[in-house]
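Undergrad: First, the structure itself, so that you have it in front of you.
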Amino acid sequence: MTNFISVQLKKASEVDLAKPLCKFIQQSYPGAEAQAEHCRAAEELSRLRKSALGRPLDKHESSLETLLRYYDQLCAIEPKFPFSENQVCVTFTWKDAFDKGSLFGGSAKLALASLGYEKTCVLFNCGALASQIAAEQNLDNDEGLKAAAKHYQFASGAFQHIKDTVLSALNREPTVDISPDTVGTLSLIMLAQAQEVFFLKATRDKMKDGIIAKLANQAADYYGDAYKQCQYKDTLPKEVFPVLAAKHCIMQANAEYHQSILAKQQKKFGEEIGRLQHAADLVKTVASRYDEYINVKDLVDKINRALAAAKKDNDFIYHDRVPDLKDLESIGKASLVKSTPVVVPLSQKFTDLFEKMVPLQVQQSVSVYNQRKADLVNRSIAQMREATNLANGVLASLNLPAAIEDVSGDTVPQSILNKSKSVIEQGGIQTVDQLIKDLPELLQRNKEILDESLRLLDEEEATDNDLRTKFKERWQRTPSNELYKPLRAEGANYHNILNKAMQADGQVKERYQTHRDTIALLCKPEAELNAAIPSANPAKTLQGNEVVNVLRTLLASLDEVKKEREQLENDLKSVNFDMTSKFLTALAQDGAINEEAISVTELDRIYGSYTQKVQESLKKQEELLKNIQNAHQDFSKMKQSNNESNLREEVLKNLAVANDNFVELVANLKEGTKFYNELTEILLKFQNKCSDIIFARKTERDELLKDLQQSIAREPSAPSIPLPTYQTTPAAGSKPAASPAPTPAPRTMVGTKPQPPARPPPPVISAASSSPSALAPSGAAAAPAAAPAPTPGASAPAASTAPTQAQGPPYPTYPGYPGYCQMPMPMGYNPYMYGQYNLPYAPSPVYQTPGQPPYPPPQQPGYPFPQQPYYQQ
């Protein structure tokens, strides 16, 4: 009697998890040591998947433990890796657990780039394997009963969890086995079986009959609910429905039997008989309808013996009235089972392989924090550099410090010599020329990488659109134009960056052309430089003047401010603080991360003192420049004024400006070179990302095309083949216009095999194509055993001659064969196969057995016994 239902495992296609995960790790984690450790964990995860899904599993606890550990790992890595079609793209393919290769019952398999789909399918296998382990338990001892109850309740919880989460996890229609309706039914079946196990234990432990009756009644209730849920569905295996119906009756019969014992103890002898009669009727139904699934002979004998004894005692002793079934009090219910909730980790031996890897939410928060930090540091550095450029510009316009050094009027000022030496040491004009020459090559390289990446996306998107247009609603996958929106937005951003870089390059080149001659002059030897500078009358009286001393002091203070800024800039760049622990703590405490609040607070704490020093430096420079300008006015008044000195001062100013421009140009060009080189790495990663998703989409496309081809090949409808005019069938009850009188085929009466539906009238064919016999249904009208063959002279259209079959089993060509046509049938699928299956449809795309009678498309519902048509003579 203890036949239990177990669920088959889903089968998964092989997937290499290590490669895509390692690629993401290498792109996201700069440290070589961290990369190596995380990559080893990825390889271990891939091996764990192969162990859990890549081999047949024994019905044992150890196999279930492997599945549970893999499920726990999936839950652990979900927040740490961005599994999606356009990031870490891994396509998981699973077959329907209940699909037998039939044409009906939904999709045979589904491939999705979704970790939620993988988790759902793995959890389904956990529940299925738990049901198989429970069904294998020895229920004659307490250990087996406890283990069975535990595993059935776990399986029920697993299927219930899938029911609650599958639609949100997949975001599309699932296969039939993991659809909410199916797993909901499975959850209830497992719960019913767990309740039955408790009933068996209570019976074995000889508990009170009232309690046993309630346990059995509750089990019957669960089985009845499961029976109702799958009554009109054909998704589950065919034996499930009769087993549920039988179990419902059996548990109800057990409840009535034990309640009858309680009634006897309470001296309610009429109720005892009524309940035993009901129990006898229930088990009689099981024995007559479901005997091939469940043997209830022992239970039938036990109930019948008890009923006979109760009737005998009542007839001779008690004479108690037997109440009607509807008058019996309902038996109470006692549920001792519940679905085990899915709480991760499910495995007691679970250890997180990626324990040291922070969750994706923390990674994103750290990334945003780093961007905030970079903005703050860059803003402070930009303020200082802008102030330094302003100071240099003011000094150059005042010809300082050259003006206070050039009191002789006939030698190169020392400050100009220092500037010239610095420019020559940095390579002079050749350095700038080379840097400017390299920029277009770097720019072109980046443009080519970006254009190639977008071209790959365009090609795949065009292919996807063509296939979507071709297959229409059959092409069920995310459209490429929607999937690539983030990538295209990222590509557009890179285009904008390159355009801005090109504009900046143009400004640098223009500035260089403006100051090139002066920079070239600054690179000449001292003698040539002195000859190029106009001489002026000496002004030796200004040497040692108070105004000159004040200017020198102010200029020295300004130089000190500039040096302090350089150190302050280095300090700002070198400050480093790992925010990972802060964000992890926040995530653990609150379950979420308020990145903005945490980042602003920490940045103010870390960089507050530096930003204050920057503002103090800017303010100090402002005061110094004001004092320098005032002192220079006094110096200019004291200085002898003539044309030669003005011309000389103008040249010296230009040389000072040329030095400042050279320094700034070299800095800008080096930053541009660094920018293009760094952008190349970023664009190569972008290109790899595009290549990866396109490869994944190609794999998914090939798999989907293969499935579609198989689906189309298995469709029950006959191929669209133009039929000869003599085969067109008019509406029911009418005759074909101008059709020659057909000759019926010879028939043999067979009374044991279900027959095909009505056949269309056959064409008139030559005697050479006649066949000696044909199968006819037993219910057809009587016909002569042999019909006269058409005379050799009978005329027929030339098109009625059947072509010779090139390969495969020969098709019958006698009159009356409904599949007869003017061209060979496709060899991969014969919709007219009939014979070994008593079904009104072709069960699978196989070849027809030679000599086997064909089977055309099904008749209308409700007409199970097709009649042989009447052939007009």
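Ligands are numbered from 1 in the order shown, chains are lettered A, B, ... in the order of the structure tokens, and residues start at 1 in each chain.
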Within 8 Å of range 255-268 of chain A, counting only C-alpha atoms, which residues qualify if same-chain residues fewer than 2 places away don't, as an MDAnalysis selection string?
TA: chainID A and resid 209:210 212:217 251:253 270:273 275:276 278:279 303 320 331
Undergrad: Taking 3 positions as the minimum chain separation for residues in the same chain, which residues sit within 9 Å of Tyr290 in chain A when counting only C-alpha atoms? Answer as a PDB file with N, CA, C and O atoms, in the first residue's frame.
TA:
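Wrote it out as result_28.pdb, contents follow:
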```pdb
ATOM      1  N   PRO A 242      -3.592   8.627 -10.856  1.00  0.00           N
ATOM      2  CA  PRO A 242      -4.273   7.490 -10.205  1.00  0.00           C
ATOM      3  C   PRO A 242      -3.733   7.197  -8.806  1.00  0.00           C
ATOM      4  O   PRO A 242      -4.493   6.779  -7.927  1.00  0.00           O
ATOM      5  N   VAL A 243      -2.435   7.408  -8.568  1.00  0.00           N
ATOM      6  CA  VAL A 243      -1.891   7.166  -7.236  1.00  0.00           C
ATOM      7  C   VAL A 243      -2.493   8.135  -6.238  1.00  0.00           C
ATOM      8  O   VAL A 243      -2.855   7.761  -5.109  1.00  0.00           O
ATOM      9  N   ALA A 245      -5.413   9.655  -6.480  1.00  0.00           N
ATOM     10  CA  ALA A 245      -6.813   9.272  -6.270  1.00  0.00           C
ATOM     11  C   ALA A 245      -6.906   8.062  -5.341  1.00  0.00           C
ATOM     12  O   ALA A 245      -7.749   8.023  -4.425  1.00  0.00           O
ATOM     13  N   ALA A 246      -6.033   7.073  -5.560  1.00  0.00           N
ATOM     14  CA  ALA A 246      -6.054   5.882  -4.710  1.00  0.00           C
ATOM     15  C   ALA A 246      -5.672   6.234  -3.277  1.00  0.00           C
ATOM     16  O   ALA A 246      -6.317   5.773  -2.320  1.00  0.00           O
ATOM     17  N   THR A 285     -13.375   0.630  -4.410  1.00  0.00           N
ATOM     18  CA  THR A 285     -13.124   1.527  -5.554  1.00  0.00           C
ATOM     19  C   THR A 285     -11.659   1.478  -5.959  1.00  0.00           C
ATOM     20  O   THR A 285     -11.318   1.409  -7.145  1.00  0.00           O
ATOM     21  N   VAL A 286     -10.782   1.497  -4.953  1.00  0.00           N
ATOM     22  CA  VAL A 286      -9.347   1.449  -5.239  1.00  0.00           C
ATOM     23  C   VAL A 286      -8.985   0.134  -5.910  1.00  0.00           C
ATOM     24  O   VAL A 286      -8.234   0.093  -6.896  1.00  0.00           O
ATOM     25  N   ALA A 287      -9.517  -0.958  -5.370  1.00  0.00           N
ATOM     26  CA  ALA A 287      -9.173  -2.275  -5.910  1.00  0.00           C
ATOM     27  C   ALA A 287      -9.659  -2.443  -7.344  1.00  0.00           C
ATOM     28  O   ALA A 287      -9.014  -3.109  -8.158  1.00  0.00           O
ATOM     29  N   TYR A 293      -1.731   0.097  -9.744  1.00  0.00           N
ATOM     30  CA  TYR A 293      -0.815   1.053  -9.117  1.00  0.00           C
ATOM     31  C   TYR A 293      -0.589   0.761  -7.638  1.00  0.00           C
ATOM     32  O   TYR A 293       0.519   0.917  -7.135  1.00  0.00           O
ATOM     33  N   ILE A 294      -1.643   0.370  -6.937  1.00  0.00           N
ATOM     34  CA  ILE A 294      -1.544   0.155  -5.495  1.00  0.00           C
ATOM     35  C   ILE A 294      -2.306  -1.110  -5.123  1.00  0.00           C
ATOM     36  O   ILE A 294      -3.466  -1.293  -5.518  1.00  0.00           O
ATOM     37  N   ASN A 295      -1.676  -1.976  -4.343  1.00  0.00           N
ATOM     38  CA  ASN A 295      -2.296  -3.215  -3.881  1.00  0.00           C
ATOM     39  C   ASN A 295      -2.897  -2.987  -2.493  1.00  0.00           C
ATOM     40  O   ASN A 295      -2.185  -2.657  -1.540  1.00  0.00           O
TER      41      ASN A 295
END
```
Undergrad: Find the residues near Leu21 in chain A: any atom within 7 Å, counting only C-alpha atoms, skip ones fewer than 4 places away on the same chain, and give them as a VMD selection string.
TA: chain A and resid 17 25 42
Undergrad: For CA of Val368 in chain A and CA of Arg565 in chain A, determine how far apart the two atoms are, in Å to one decimal place.
TA: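 Between CA of Val368 in chain A and CA of Arg565 in chain A the gap is 27.3 Å.
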Undergrad: Based on the backbone DSSP call, show me all residues of range 271-447 of chain A assigned alpha helix (DSSP H), as an NGL selection string.
TA: :A and (271-289 or 297-313 or 360-397 or 402-405 or 414-425 or 428-447)
Undergrad: Find the residues near Ala656 in chain A: any atom within 10 Å, counting only C-alpha atoms, skip ones fewer than 5 places away on the same chain, and give them as a PyMOL selection string.
TA: chain A and resi 392-393+395-397+399-402+415-416+419-420+518-519+522+650-651+661-662
Undergrad: Could you write out the selected residues, including N, CA and C atoms, as a PDB file, in the first residue's frame?
TA:
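Listed below is the output, selection10.pdb:
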```pdb
ATOM      1  N   ASN A 392      52.149  82.951 -12.122  1.00  0.00           N
ATOM      2  CA  ASN A 392      53.162  83.008 -13.170  1.00  0.00           C
ATOM      3  C   ASN A 392      52.808  84.022 -14.239  1.00  0.00           C
ATOM      4  N   GLY A 393      51.529  84.088 -14.574  1.00  0.00           N
ATOM      5  CA  GLY A 393      51.102  85.063 -15.564  1.00  0.00           C
ATOM      6  C   GLY A 393      51.294  86.497 -15.098  1.00  0.00           C
ATOM      7  N   LEU A 395      53.474  87.549 -12.838  1.00  0.00           N
ATOM      8  CA  LEU A 395      54.918  87.836 -12.800  1.00  0.00           C
ATOM      9  C   LEU A 395      55.475  88.037 -14.202  1.00  0.00           C
ATOM     10  N   ALA A 396      55.006  87.241 -15.160  1.00  0.00           N
ATOM     11  CA  ALA A 396      55.487  87.398 -16.529  1.00  0.00           C
ATOM     12  C   ALA A 396      55.069  88.747 -17.095  1.00  0.00           C
ATOM     13  N   SER A 397      53.860  89.179 -16.789  1.00  0.00           N
ATOM     14  CA  SER A 397      53.410  90.484 -17.282  1.00  0.00           C
ATOM     15  C   SER A 397      54.202  91.632 -16.675  1.00  0.00           C
ATOM     16  N   ASN A 399      57.395  91.253 -15.862  1.00  0.00           N
ATOM     17  CA  ASN A 399      58.801  90.932 -16.135  1.00  0.00           C
ATOM     18  C   ASN A 399      59.574  90.691 -14.840  1.00  0.00           C
ATOM     19  N   LEU A 400      58.929  89.953 -13.973  1.00  0.00           N
ATOM     20  CA  LEU A 400      59.574  89.597 -12.706  1.00  0.00           C
ATOM     21  C   LEU A 400      59.829  88.091 -12.707  1.00  0.00           C
ATOM     22  N   PRO A 401      60.956  87.665 -12.154  1.00  0.00           N
ATOM     23  CA  PRO A 401      61.985  88.465 -11.437  1.00  0.00           C
ATOM     24  C   PRO A 401      63.061  89.044 -12.342  1.00  0.00           C
ATOM     25  N   ALA A 402      62.904  88.899 -13.680  1.00  0.00           N
ATOM     26  CA  ALA A 402      63.964  89.361 -14.582  1.00  0.00           C
ATOM     27  C   ALA A 402      64.203  90.864 -14.452  1.00  0.00           C
ATOM     28  N   SER A 415      67.337  84.503 -13.992  1.00  0.00           N
ATOM     29  CA  SER A 415      66.059  83.757 -14.011  1.00  0.00           C
ATOM     30  C   SER A 415      65.751  83.233 -15.408  1.00  0.00           C
ATOM     31  N   ILE A 416      66.103  84.049 -16.449  1.00  0.00           N
ATOM     32  CA  ILE A 416      65.882  83.590 -17.821  1.00  0.00           C
ATOM     33  C   ILE A 416      66.838  82.446 -18.149  1.00  0.00           C
ATOM     34  N   LYS A 419      65.510  79.362 -16.623  1.00  0.00           N
ATOM     35  CA  LYS A 419      64.372  78.851 -17.404  1.00  0.00           C
ATOM     36  C   LYS A 419      64.868  78.173 -18.679  1.00  0.00           C
ATOM     37  N   SER A 420      65.828  78.771 -19.338  1.00  0.00           N
ATOM     38  CA  SER A 420      66.377  78.194 -20.564  1.00  0.00           C
ATOM     39  C   SER A 420      67.011  76.831 -20.282  1.00  0.00           C
ATOM     40  N   THR A 518      59.114  81.569 -29.621  1.00  0.00           N
ATOM     41  CA  THR A 518      59.720  82.040 -28.374  1.00  0.00           C
ATOM     42  C   THR A 518      60.314  80.881 -27.587  1.00  0.00           C
ATOM     43  N   ILE A 519      59.614  79.719 -27.588  1.00  0.00           N
ATOM     44  CA  ILE A 519      60.150  78.535 -26.898  1.00  0.00           C
ATOM     45  C   ILE A 519      61.433  78.083 -27.581  1.00  0.00           C
ATOM     46  N   LEU A 522      64.201  80.203 -26.496  1.00  0.00           N
ATOM     47  CA  LEU A 522      64.604  79.886 -25.126  1.00  0.00           C
ATOM     48  C   LEU A 522      65.525  78.665 -25.085  1.00  0.00           C
ATOM     49  N   GLU A 650      60.127  93.832 -22.971  1.00  0.00           N
ATOM     50  CA  GLU A 650      59.082  93.077 -23.667  1.00  0.00           C
ATOM     51  C   GLU A 650      59.591  91.691 -24.081  1.00  0.00           C
ATOM     52  N   VAL A 651      60.838  91.618 -24.571  1.00  0.00           N
ATOM     53  CA  VAL A 651      61.403  90.328 -24.970  1.00  0.00           C
ATOM     54  C   VAL A 651      61.582  89.418 -23.764  1.00  0.00           C
ATOM     55  N   ASN A 661      54.589  78.545 -20.744  1.00  0.00           N
ATOM     56  CA  ASN A 661      53.810  77.808 -21.731  1.00  0.00           C
ATOM     57  C   ASN A 661      54.435  76.456 -22.044  1.00  0.00           C
ATOM     58  N   PHE A 662      55.778  76.433 -22.113  1.00  0.00           N
ATOM     59  CA  PHE A 662      56.454  75.157 -22.363  1.00  0.00           C
ATOM     60  C   PHE A 662      56.143  74.161 -21.252  1.00  0.00           C
TER      61      PHE A 662
END
```
Undergrad: I'd like to know which residues of range 22-217 of chain A are strand (DSSP E) (by DSSP, run on the backbone); could you write them as a PyMOL selection string?
TA: chain A and resi 92-95+109-112
Undergrad: Could you dump the residues just selected with C-alpha atoms as an mmCIF file, in the first residue's frame?
TA:
```cif
data_model
loop_
_atom_site.group_PDB
_atom_site.id
_atom_site.type_symbol
_atom_site.label_atom_id
_atom_site.label_comp_id
_atom_site.auth_asym_id
_atom_site.auth_seq_id
_atom_site.Cartn_x
_atom_site.Cartn_y
_atom_site.Cartn_z
ATOM 1 C CA PHE A 92 22.358 27.970 -18.099
ATOM 2 C CA THR A 93 20.431 25.326 -20.031
ATOM 3 C CA TRP A 94 18.065 22.895 -18.273
ATOM 4 C CA LYS A 95 15.686 20.248 -19.580
ATOM 5 C CA LYS A 109 14.302 22.826 -22.272
ATOM 6 C CA LEU A 110 15.086 26.440 -21.568
ATOM 7 C CA ALA A 111 18.361 28.387 -21.725
ATOM 8 C CA LEU A 112 18.687 31.636 -19.768
#
```
Undergrad: Could you please determine the separation between CA of Lys620 in chain A and CA of Glu564 in chain A in Å, to one decimal place?
TA: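 Distance between the two atoms: 11.6 Å.
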Undergrad: For Leu669 in chain A, please output as a list of chain:residue names all residues within 10 Å (counting only C-alpha atoms; exclusion window: fewer than 2 positions along the same chain).
TA: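 Near Leu669 in chain A, the qualifying residues are A:Thr431, A:Val432, A:Gln434, A:Leu435, A:Ile436, A:Asp438, A:Leu439, A:Ala504, A:Asp505, A:Val508, A:Lys509, A:Glu664, A:Leu665, A:Val666, A:Ala667, A:Glu671, A:Gly672, A:Thr673, A:Lys674, A:Phe675.
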Undergrad: For Phe159 in chain A, list every protein, DNA or RNA residue within 12 Å, evaluated using only C-alpha atoms, and leave out those in the same chain fewer than 3 positions away; present the list as JSON, numbers by chain.
TA: {"A": [7, 120, 121, 122, 123, 124, 125, 126, 127, 128, 129, 130, 131, 152, 153, 154, 155, 156, 162, 163, 164, 165, 166, 177, 178, 179, 180, 181, 182, 183, 184, 185, 186, 187, 188, 189, 190, 191, 339, 340, 341, 342]}
Undergrad: Return the single residue from A:Ser365, A:Thr699, A:Thr66, A:Ser422 that is closest to Val663 in chain A, with distances computed using only C-alpha atoms.
TA: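 Of A:Ser365, A:Thr699, A:Thr66, A:Ser422, the one nearest Val663 in chain A is A:Ser422, counting only C-alpha atoms.
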Undergrad: Leaving out Ile598 in chain A and any residue of its chain fewer than 6 positions from it, which residues lie within 12 Å of it when counting only C-alpha atoms, given as a count of residues only?
TA: 17
